[in-house]
Amino acid sequence: MTEEARNSELRTGPALSVVGPGEGETIVLGTTRMRVLEDGSHTGHRLAITESVLAPHTQGPPQHRHGLHDEGFYVLSGTVRFTVGREEHDATTGTLVMVPPGTPHTFANLTDEPAVLLSTFTPDLYVPYFRDLQAVLADGQGLTPQAHADAMSRYSTEPATDLD
């Protein structure tokens, strides 16, 4: 495909997307409230973006590895503890954390204040994972390590169980 044809194909994609304050799909996962700003449907599935509010003392998912996508976290407010393997990093407002495929990671808000994260997923394939977890909660089940592992397995992600 020529560069001109590729550029033409990109220009004929979905129309401009604007998500205003308070708009977007909301996903509630326990003490985390996520707002889907872009689920990939306007980016040719190259990128998804979410905003998450982590309540004080919120534990994140079990440490895990993504097989096919990068995950970025930009701390909009508060402090978020990122655990990567056995290393811990406290990311404060204005910090960007990029997690490439294969890197074990998790995060938590260990403070007494809410924390807000802007997250990116390239490509977009991880937003359905959060929808799946919300469905587990809606069915009255808890987000057990097994529930996380089952959902992760559908999105080329696995728990990082070799770190114990």
# chains A, B, ... in the order shown; residues from 1 in each chain; ligands from 1

call {"tool": "residues_around", "arguments": {"residues": "Glu25 (chain A)", "least_positions_apart": "2", "cutoff": "12 Å", "atoms": "only C-alpha atoms", "output": "list in words"}}
result
Val19, Gly20, Pro21, Gly22, Glu23, Ile27, Val28, Arg33, Met34, Arg35, Val36, Leu37, Glu38, Asp39, Ile49, Thr50, Glu51, Ser52, Val127, Pro128, Phe130 and Arg131 of chain A

call {"tool": "write_last_selection", "arguments": {"atoms": "C-alpha atoms", "output": "tab-separated table (two decimals), in the first residue's frame"}}
result
chain	number	residue	atom	x	y	z
A	19	VAL	CA	-16.10	13.43	25.35
A	20	GLY	CA	-16.97	16.24	27.73
A	21	PRO	CA	-16.77	16.39	31.52
A	22	GLY	CA	-19.10	13.83	33.05
A	23	GLU	CA	-19.58	12.04	29.73
A	27	ILE	CA	-17.39	1.29	34.90
A	28	VAL	CA	-17.43	0.76	38.67
A	33	ARG	CA	-14.67	4.42	39.32
A	34	MET	CA	-13.53	4.36	35.70
A	35	ARG	CA	-14.70	6.62	32.89
A	36	VAL	CA	-14.05	5.34	29.37
A	37	LEU	CA	-12.98	8.34	27.29
A	38	GLU	CA	-12.07	6.33	24.19
A	39	ASP	CA	-12.77	2.62	23.79
A	49	ILE	CA	-8.11	5.96	27.13
A	50	THR	CA	-9.73	5.83	30.56
A	51	GLU	CA	-9.84	8.05	33.61
A	52	SER	CA	-9.95	6.24	36.95
A	127	VAL	CA	-11.38	-1.98	27.83
A	128	PRO	CA	-13.59	-5.12	27.51
A	130	PHE	CA	-12.94	-3.92	32.71
A	131	ARG	CA	-16.47	-4.48	31.41

call {"tool": "residues_around", "arguments": {"residues": "Ala55 (chain A)", "least_positions_apart": "2", "cutoff": "9 Å", "atoms": "only C-alpha atoms", "output": "list in words"}}
result
Thr31, Thr32, Arg33, Val53, His57, Thr58, Asn109, Thr111, Asp112, Glu113, Pro114, Ala115 and Val116 of chain A

call {"tool": "residues_around", "arguments": {"residues": "region 133-143 of chain A", "least_positions_apart": "4", "cutoff": "10 Å", "atoms": "only C-alpha atoms", "output": "list in words"}}
result
Ile27, Val28, Leu29, Gly30, Pro61, Pro128, Tyr129, Ala147, His148, Ala149, Asp150, Ala151 and Met152 of chain A

call {"tool": "atom_distance", "arguments": {"atom1": "CA of Ser119 (chain A)", "atom2": "CA of Phe73 (chain A)"}}
result
4.5 Å

call {"tool": "atom_distance", "arguments": {"atom1": "CA of Asp132 (chain A)", "atom2": "CA of Glu87 (chain A)"}}
result
28.9 Å

call {"tool": "select_by_dssp", "arguments": {"residues": "region 6-63 of chain A", "states": "strand (DSSP E or B)", "output": "VMD selection string"}}
result
chain A and resid 25 to 29 32 to 38 48 to 54 58 to 59

call {"tool": "write_last_selection", "arguments": {"atoms": "N, CA and C atoms", "output": "PDB file, in the first residue's frame"}}
result
ATOM      1  N   GLU A  25     -18.675   6.310  29.080  1.00  0.00           N
ATOM      2  CA  GLU A  25     -19.140   5.119  29.789  1.00  0.00           C
ATOM      3  C   GLU A  25     -18.488   5.051  31.173  1.00  0.00           C
ATOM      4  N   THR A  26     -19.271   4.709  32.186  1.00  0.00           N
ATOM      5  CA  THR A  26     -18.751   4.569  33.542  1.00  0.00           C
ATOM      6  C   THR A  26     -18.707   3.083  33.906  1.00  0.00           C
ATOM      7  N   ILE A  27     -17.575   2.656  34.420  1.00  0.00           N
ATOM      8  CA  ILE A  27     -17.387   1.294  34.898  1.00  0.00           C
ATOM      9  C   ILE A  27     -16.979   1.392  36.366  1.00  0.00           C
ATOM     10  N   VAL A  28     -17.729   0.733  37.237  1.00  0.00           N
ATOM     11  CA  VAL A  28     -17.428   0.756  38.667  1.00  0.00           C
ATOM     12  C   VAL A  28     -16.892  -0.615  39.069  1.00  0.00           C
ATOM     13  N   LEU A  29     -15.694  -0.605  39.624  1.00  0.00           N
ATOM     14  CA  LEU A  29     -15.034  -1.830  40.065  1.00  0.00           C
ATOM     15  C   LEU A  29     -14.687  -1.670  41.541  1.00  0.00           C
ATOM     16  N   THR A  32     -13.049   1.619  42.795  1.00  0.00           N
ATOM     17  CA  THR A  32     -12.506   2.340  41.633  1.00  0.00           C
ATOM     18  C   THR A  32     -13.638   2.682  40.684  1.00  0.00           C
ATOM     19  N   ARG A  33     -13.674   3.948  40.293  1.00  0.00           N
ATOM     20  CA  ARG A  33     -14.669   4.417  39.316  1.00  0.00           C
ATOM     21  C   ARG A  33     -13.916   4.826  38.058  1.00  0.00           C
ATOM     22  N   MET A  34     -14.226   4.144  36.965  1.00  0.00           N
ATOM     23  CA  MET A  34     -13.534   4.361  35.696  1.00  0.00           C
ATOM     24  C   MET A  34     -14.479   5.018  34.700  1.00  0.00           C
ATOM     25  N   ARG A  35     -13.945   5.980  33.967  1.00  0.00           N
ATOM     26  CA  ARG A  35     -14.702   6.615  32.892  1.00  0.00           C
ATOM     27  C   ARG A  35     -13.966   6.324  31.588  1.00  0.00           C
ATOM     28  N   VAL A  36     -14.648   5.671  30.656  1.00  0.00           N
ATOM     29  CA  VAL A  36     -14.047   5.344  29.370  1.00  0.00           C
ATOM     30  C   VAL A  36     -14.166   6.582  28.474  1.00  0.00           C
ATOM     31  N   LEU A  37     -13.017   7.156  28.150  1.00  0.00           N
ATOM     32  CA  LEU A  37     -12.981   8.345  27.295  1.00  0.00           C
ATOM     33  C   LEU A  37     -12.887   7.957  25.818  1.00  0.00           C
ATOM     34  N   GLU A  38     -12.205   6.862  25.557  1.00  0.00           N
ATOM     35  CA  GLU A  38     -12.073   6.329  24.192  1.00  0.00           C
ATOM     36  C   GLU A  38     -11.919   4.825  24.307  1.00  0.00           C
ATOM     37  N   ALA A  48      -6.950   3.193  23.396  1.00  0.00           N
ATOM     38  CA  ALA A  48      -8.080   3.404  24.307  1.00  0.00           C
ATOM     39  C   ALA A  48      -7.574   4.264  25.458  1.00  0.00           C
ATOM     40  N   ILE A  49      -8.474   5.064  26.030  1.00  0.00           N
ATOM     41  CA  ILE A  49      -8.108   5.960  27.129  1.00  0.00           C
ATOM     42  C   ILE A  49      -9.197   5.910  28.191  1.00  0.00           C
ATOM     43  N   THR A  50      -8.780   5.787  29.448  1.00  0.00           N
ATOM     44  CA  THR A  50      -9.727   5.827  30.563  1.00  0.00           C
ATOM     45  C   THR A  50      -9.221   6.796  31.627  1.00  0.00           C
ATOM     46  N   GLU A  51     -10.158   7.257  32.425  1.00  0.00           N
ATOM     47  CA  GLU A  51      -9.839   8.046  33.610  1.00  0.00           C
ATOM     48  C   GLU A  51     -10.374   7.260  34.795  1.00  0.00           C
ATOM     49  N   SER A  52      -9.539   7.031  35.786  1.00  0.00           N
ATOM     50  CA  SER A  52      -9.954   6.242  36.949  1.00  0.00           C
ATOM     51  C   SER A  52      -9.736   7.022  38.231  1.00  0.00           C
ATOM     52  N   VAL A  53     -10.737   6.976  39.097  1.00  0.00           N
ATOM     53  CA  VAL A  53     -10.622   7.549  40.433  1.00  0.00           C
ATOM     54  C   VAL A  53     -10.493   6.379  41.398  1.00  0.00           C
ATOM     55  N   LEU A  54      -9.362   6.320  42.074  1.00  0.00           N
ATOM     56  CA  LEU A  54      -9.111   5.277  43.073  1.00  0.00           C
ATOM     57  C   LEU A  54      -9.381   5.883  44.446  1.00  0.00           C
ATOM     58  N   THR A  58      -7.283   1.903  48.158  1.00  0.00           N
ATOM     59  CA  THR A  58      -7.748   0.988  47.118  1.00  0.00           C
ATOM     60  C   THR A  58      -6.597   0.126  46.618  1.00  0.00           C
ATOM     61  N   GLN A  59      -6.784  -1.180  46.712  1.00  0.00           N
ATOM     62  CA  GLN A  59      -5.816  -2.113  46.142  1.00  0.00           C
ATOM     63  C   GLN A  59      -6.164  -2.331  44.676  1.00  0.00           C
TER      64      GLN A  59
END

call {"tool": "closest_residue", "arguments": {"among": "A:Met98, A:Thr106, A:Leu117, A:Pro62", "to": "Thr79 (chain A)", "atoms": "only C-alpha atoms"}}
result
A:Leu117

call {"tool": "closest_residue", "arguments": {"among": "A:Leu16, A:Ala108, A:Ala160, A:Val75", "to": "Thr92 (chain A)", "atoms": "only C-alpha atoms"}}
result
A:Val75

call {"tool": "residues_around", "arguments": {"residues": "Ala91 (chain A)", "least_positions_apart": "2", "cutoff": "9 Å", "atoms": "only C-alpha atoms", "output": "PyMOL selection string"}}
result
chain A and resi 74-75+78-82+89+93-97

call {"tool": "atom_distance", "arguments": {"atom1": "CA of Ser77 (chain A)", "atom2": "CA of Asp124 (chain A)"}}
result
23.9 Å

call {"tool": "residues_around", "arguments": {"residues": "Asp162 (chain A)", "least_positions_apart": "2", "cutoff": "10 Å", "atoms": "only C-alpha atoms", "output": "CSV table (one decimal) with N, CA, C and O atoms, in the first residue's frame"}}
result
chain,number,residue,atom,x,y,z
A,85,GLY,N,7.3,-6.0,39.4
A,85,GLY,CA,8.1,-7.1,40.0
A,85,GLY,C,8.2,-7.0,41.5
A,85,GLY,O,7.2,-7.0,42.2
A,104,PRO,N,5.7,-7.3,34.6
A,104,PRO,CA,4.7,-7.5,35.7
A,104,PRO,C,4.5,-6.2,36.4
A,104,PRO,O,5.4,-5.4,36.6
A,159,PRO,N,-1.7,-13.5,35.2
A,159,PRO,CA,-1.2,-13.1,36.5
A,159,PRO,C,0.3,-13.4,36.6
A,159,PRO,O,0.8,-14.4,36.0
A,160,ALA,N,1.1,-12.5,37.2
A,160,ALA,CA,2.5,-12.7,37.4
A,160,ALA,C,2.8,-13.6,38.6
A,160,ALA,O,3.2,-13.0,39.7
A,164,ASP,N,6.3,-14.7,43.6
A,164,ASP,CA,6.1,-15.0,45.1
A,164,ASP,C,7.4,-15.6,45.7
A,164,ASP,O,8.2,-16.1,45.1

call {"tool": "closest_residue", "arguments": {"among": "A:Leu118, A:Leu68, A:Leu47, A:Leu125", "to": "Pro100 (chain A)", "atoms": "only C-alpha atoms"}}
result
A:Leu68

call {"tool": "closest_residue", "arguments": {"among": "A:Ser17, A:Ser41, A:Tyr155, A:Arg46", "to": "Tyr126 (chain A)", "atoms": "only C-alpha atoms"}}
result
A:Tyr155

call {"tool": "decode", "arguments": {"residues": "region 108-154 of chain A", "atoms": "N, CA and C atoms", "output": "PDB file, in the first residue's frame"}}
result
ATOM      1  N   ALA A 108      -1.815   0.674  43.374  1.00  0.00           N
ATOM      2  CA  ALA A 108      -2.730   0.834  44.497  1.00  0.00           C
ATOM      3  C   ALA A 108      -2.674   2.280  44.974  1.00  0.00           C
ATOM      4  N   ASN A 109      -3.748   2.716  45.598  1.00  0.00           N
ATOM      5  CA  ASN A 109      -3.756   4.001  46.291  1.00  0.00           C
ATOM      6  C   ASN A 109      -3.711   3.686  47.782  1.00  0.00           C
ATOM      7  N   LEU A 110      -2.569   3.865  48.386  1.00  0.00           N
ATOM      8  CA  LEU A 110      -2.383   3.533  49.801  1.00  0.00           C
ATOM      9  C   LEU A 110      -2.615   4.731  50.714  1.00  0.00           C
ATOM     10  N   THR A 111      -2.985   5.868  50.131  1.00  0.00           N
ATOM     11  CA  THR A 111      -3.095   7.102  50.902  1.00  0.00           C
ATOM     12  C   THR A 111      -4.513   7.323  51.435  1.00  0.00           C
ATOM     13  N   ASP A 112      -4.673   8.406  52.179  1.00  0.00           N
ATOM     14  CA  ASP A 112      -5.982   8.781  52.731  1.00  0.00           C
ATOM     15  C   ASP A 112      -6.764   9.697  51.788  1.00  0.00           C
ATOM     16  N   GLU A 113      -6.223   9.977  50.612  1.00  0.00           N
ATOM     17  CA  GLU A 113      -6.863  10.855  49.625  1.00  0.00           C
ATOM     18  C   GLU A 113      -7.145  10.080  48.341  1.00  0.00           C
ATOM     19  N   PRO A 114      -8.176  10.464  47.593  1.00  0.00           N
ATOM     20  CA  PRO A 114      -8.400   9.827  46.287  1.00  0.00           C
ATOM     21  C   PRO A 114      -7.223  10.097  45.344  1.00  0.00           C
ATOM     22  N   ALA A 115      -7.046   9.238  44.390  1.00  0.00           N
ATOM     23  CA  ALA A 115      -6.047   9.432  43.333  1.00  0.00           C
ATOM     24  C   ALA A 115      -6.760   9.288  41.998  1.00  0.00           C
ATOM     25  N   VAL A 116      -6.323  10.060  41.014  1.00  0.00           N
ATOM     26  CA  VAL A 116      -6.942  10.024  39.691  1.00  0.00           C
ATOM     27  C   VAL A 116      -5.867   9.710  38.656  1.00  0.00           C
ATOM     28  N   LEU A 117      -6.138   8.713  37.826  1.00  0.00           N
ATOM     29  CA  LEU A 117      -5.227   8.261  36.777  1.00  0.00           C
ATOM     30  C   LEU A 117      -5.864   8.419  35.410  1.00  0.00           C
ATOM     31  N   LEU A 118      -5.084   8.844  34.447  1.00  0.00           N
ATOM     32  CA  LEU A 118      -5.463   8.778  33.041  1.00  0.00           C
ATOM     33  C   LEU A 118      -4.663   7.614  32.474  1.00  0.00           C
ATOM     34  N   SER A 119      -5.343   6.625  31.907  1.00  0.00           N
ATOM     35  CA  SER A 119      -4.662   5.427  31.411  1.00  0.00           C
ATOM     36  C   SER A 119      -4.847   5.278  29.918  1.00  0.00           C
ATOM     37  N   THR A 120      -3.782   4.799  29.262  1.00  0.00           N
ATOM     38  CA  THR A 120      -3.840   4.510  27.835  1.00  0.00           C
ATOM     39  C   THR A 120      -3.557   3.029  27.613  1.00  0.00           C
ATOM     40  N   PHE A 121      -4.157   2.493  26.574  1.00  0.00           N
ATOM     41  CA  PHE A 121      -3.990   1.097  26.195  1.00  0.00           C
ATOM     42  C   PHE A 121      -3.752   1.070  24.690  1.00  0.00           C
ATOM     43  N   THR A 122      -2.567   0.611  24.278  1.00  0.00           N
ATOM     44  CA  THR A 122      -2.254   0.546  22.853  1.00  0.00           C
ATOM     45  C   THR A 122      -1.793  -0.857  22.497  1.00  0.00           C
ATOM     46  N   PRO A 123      -2.546  -1.575  21.670  1.00  0.00           N
ATOM     47  CA  PRO A 123      -3.855  -1.199  21.130  1.00  0.00           C
ATOM     48  C   PRO A 123      -4.937  -1.229  22.210  1.00  0.00           C
ATOM     49  N   ASP A 124      -6.165  -1.034  21.786  1.00  0.00           N
ATOM     50  CA  ASP A 124      -7.306  -0.790  22.679  1.00  0.00           C
ATOM     51  C   ASP A 124      -7.877  -2.016  23.366  1.00  0.00           C
ATOM     52  N   LEU A 125      -7.358  -3.175  23.172  1.00  0.00           N
ATOM     53  CA  LEU A 125      -8.074  -4.406  23.509  1.00  0.00           C
ATOM     54  C   LEU A 125      -8.379  -4.628  24.975  1.00  0.00           C
ATOM     55  N   TYR A 126      -7.997  -3.748  25.896  1.00  0.00           N
ATOM     56  CA  TYR A 126      -8.197  -4.052  27.309  1.00  0.00           C
ATOM     57  C   TYR A 126      -9.470  -3.471  27.919  1.00  0.00           C
ATOM     58  N   VAL A 127     -10.145  -2.541  27.264  1.00  0.00           N
ATOM     59  CA  VAL A 127     -11.379  -1.981  27.833  1.00  0.00           C
ATOM     60  C   VAL A 127     -12.426  -3.069  28.095  1.00  0.00           C
ATOM     61  N   PRO A 128     -12.615  -4.047  27.209  1.00  0.00           N
ATOM     62  CA  PRO A 128     -13.588  -5.116  27.508  1.00  0.00           C
ATOM     63  C   PRO A 128     -13.257  -5.907  28.779  1.00  0.00           C
ATOM     64  N   TYR A 129     -12.003  -5.981  29.147  1.00  0.00           N
ATOM     65  CA  TYR A 129     -11.614  -6.642  30.402  1.00  0.00           C
ATOM     66  C   TYR A 129     -12.311  -5.970  31.589  1.00  0.00           C
ATOM     67  N   PHE A 130     -12.300  -4.639  31.605  1.00  0.00           N
ATOM     68  CA  PHE A 130     -12.938  -3.917  32.708  1.00  0.00           C
ATOM     69  C   PHE A 130     -14.450  -4.125  32.696  1.00  0.00           C
ATOM     70  N   ARG A 131     -15.029  -4.194  31.521  1.00  0.00           N
ATOM     71  CA  ARG A 131     -16.468  -4.483  31.413  1.00  0.00           C
ATOM     72  C   ARG A 131     -16.764  -5.876  31.964  1.00  0.00           C
ATOM     73  N   ASP A 132     -15.884  -6.839  31.663  1.00  0.00           N
ATOM     74  CA  ASP A 132     -16.057  -8.198  32.176  1.00  0.00           C
ATOM     75  C   ASP A 132     -16.003  -8.224  33.705  1.00  0.00           C
ATOM     76  N   LEU A 133     -15.060  -7.494  34.287  1.00  0.00           N
ATOM     77  CA  LEU A 133     -14.967  -7.454  35.749  1.00  0.00           C
ATOM     78  C   LEU A 133     -16.208  -6.828  36.362  1.00  0.00           C
ATOM     79  N   GLN A 134     -16.727  -5.783  35.732  1.00  0.00           N
ATOM     80  CA  GLN A 134     -17.946  -5.158  36.236  1.00  0.00           C
ATOM     81  C   GLN A 134     -19.109  -6.152  36.195  1.00  0.00           C
ATOM     82  N   ALA A 135     -19.167  -6.973  35.148  1.00  0.00           N
ATOM     83  CA  ALA A 135     -20.221  -7.987  35.040  1.00  0.00           C
ATOM     84  C   ALA A 135     -20.091  -9.026  36.154  1.00  0.00           C
ATOM     85  N   VAL A 136     -18.864  -9.402  36.509  1.00  0.00           N
ATOM     86  CA  VAL A 136     -18.644 -10.343  37.608  1.00  0.00           C
ATOM     87  C   VAL A 136     -19.215  -9.761  38.897  1.00  0.00           C
ATOM     88  N   LEU A 137     -18.938  -8.488  39.137  1.00  0.00           N
ATOM     89  CA  LEU A 137     -19.464  -7.830  40.337  1.00  0.00           C
ATOM     90  C   LEU A 137     -20.982  -7.721  40.296  1.00  0.00           C
ATOM     91  N   ALA A 138     -21.538  -7.434  39.134  1.00  0.00           N
ATOM     92  CA  ALA A 138     -22.995  -7.313  38.996  1.00  0.00           C
ATOM     93  C   ALA A 138     -23.689  -8.643  39.266  1.00  0.00           C
ATOM     94  N   ASP A 139     -22.993  -9.750  38.985  1.00  0.00           N
ATOM     95  CA  ASP A 139     -23.549 -11.083  39.252  1.00  0.00           C
ATOM     96  C   ASP A 139     -23.410 -11.480  40.711  1.00  0.00           C
ATOM     97  N   GLY A 140     -22.878 -10.566  41.530  1.00  0.00           N
ATOM     98  CA  GLY A 140     -22.750 -10.834  42.960  1.00  0.00           C
ATOM     99  C   GLY A 140     -21.504 -11.595  43.348  1.00  0.00           C
ATOM    100  N   GLN A 141     -20.607 -11.779  42.399  1.00  0.00           N
ATOM    101  CA  GLN A 141     -19.366 -12.481  42.694  1.00  0.00           C
ATOM    102  C   GLN A 141     -18.301 -11.467  43.102  1.00  0.00           C
ATOM    103  N   GLY A 142     -17.347 -11.888  43.846  1.00  0.00           N
ATOM    104  CA  GLY A 142     -16.242 -11.013  44.223  1.00  0.00           C
ATOM    105  C   GLY A 142     -15.148 -11.035  43.180  1.00  0.00           C
ATOM    106  N   LEU A 143     -14.301 -10.014  43.225  1.00  0.00           N
ATOM    107  CA  LEU A 143     -13.155  -9.972  42.311  1.00  0.00           C
ATOM    108  C   LEU A 143     -11.996 -10.746  42.941  1.00  0.00           C
ATOM    109  N   THR A 144     -12.153 -12.048  42.958  1.00  0.00           N
ATOM    110  CA  THR A 144     -11.136 -12.939  43.510  1.00  0.00           C
ATOM    111  C   THR A 144      -9.955 -13.023  42.543  1.00  0.00           C
ATOM    112  N   PRO A 145      -8.816 -13.511  43.014  1.00  0.00           N
ATOM    113  CA  PRO A 145      -7.690 -13.727  42.083  1.00  0.00           C
ATOM    114  C   PRO A 145      -8.099 -14.596  40.892  1.00  0.00           C
ATOM    115  N   GLN A 146      -8.951 -15.595  41.125  1.00  0.00           N
ATOM    116  CA  GLN A 146      -9.385 -16.451  40.016  1.00  0.00           C
ATOM    117  C   GLN A 146     -10.263 -15.692  39.033  1.00  0.00           C
ATOM    118  N   ALA A 147     -11.159 -14.840  39.528  1.00  0.00           N
ATOM    119  CA  ALA A 147     -12.008 -14.031  38.643  1.00  0.00           C
ATOM    120  C   ALA A 147     -11.147 -13.111  37.790  1.00  0.00           C
ATOM    121  N   HIS A 148     -10.124 -12.498  38.400  1.00  0.00           N
ATOM    122  CA  HIS A 148      -9.193 -11.659  37.632  1.00  0.00           C
ATOM    123  C   HIS A 148      -8.477 -12.492  36.577  1.00  0.00           C
ATOM    124  N   ALA A 149      -7.949 -13.645  36.973  1.00  0.00           N
ATOM    125  CA  ALA A 149      -7.193 -14.497  36.047  1.00  0.00           C
ATOM    126  C   ALA A 149      -8.069 -14.953  34.883  1.00  0.00           C
ATOM    127  N   ASP A 150      -9.303 -15.333  35.167  1.00  0.00           N
ATOM    128  CA  ASP A 150     -10.213 -15.771  34.103  1.00  0.00           C
ATOM    129  C   ASP A 150     -10.454 -14.651  33.104  1.00  0.00           C
ATOM    130  N   ALA A 151     -10.719 -13.444  33.620  1.00  0.00           N
ATOM    131  CA  ALA A 151     -10.957 -12.310  32.727  1.00  0.00           C
ATOM    132  C   ALA A 151      -9.687 -11.950  31.964  1.00  0.00           C
ATOM    133  N   MET A 152      -8.545 -11.919  32.648  1.00  0.00           N
ATOM    134  CA  MET A 152      -7.280 -11.576  31.994  1.00  0.00           C
ATOM    135  C   MET A 152      -6.963 -12.515  30.839  1.00  0.00           C
ATOM    136  N   SER A 153      -7.255 -13.792  31.030  1.00  0.00           N
ATOM    137  CA  SER A 153      -6.895 -14.794  30.019  1.00  0.00           C
ATOM    138  C   SER A 153      -7.580 -14.533  28.683  1.00  0.00           C
ATOM    139  N   ARG A 154      -8.712 -13.838  28.701  1.00  0.00           N
ATOM    140  CA  ARG A 154      -9.418 -13.524  27.454  1.00  0.00           C
ATOM    141  C   ARG A 154      -8.787 -12.352  26.706  1.00  0.00           C
TER     142      ARG A 154
END
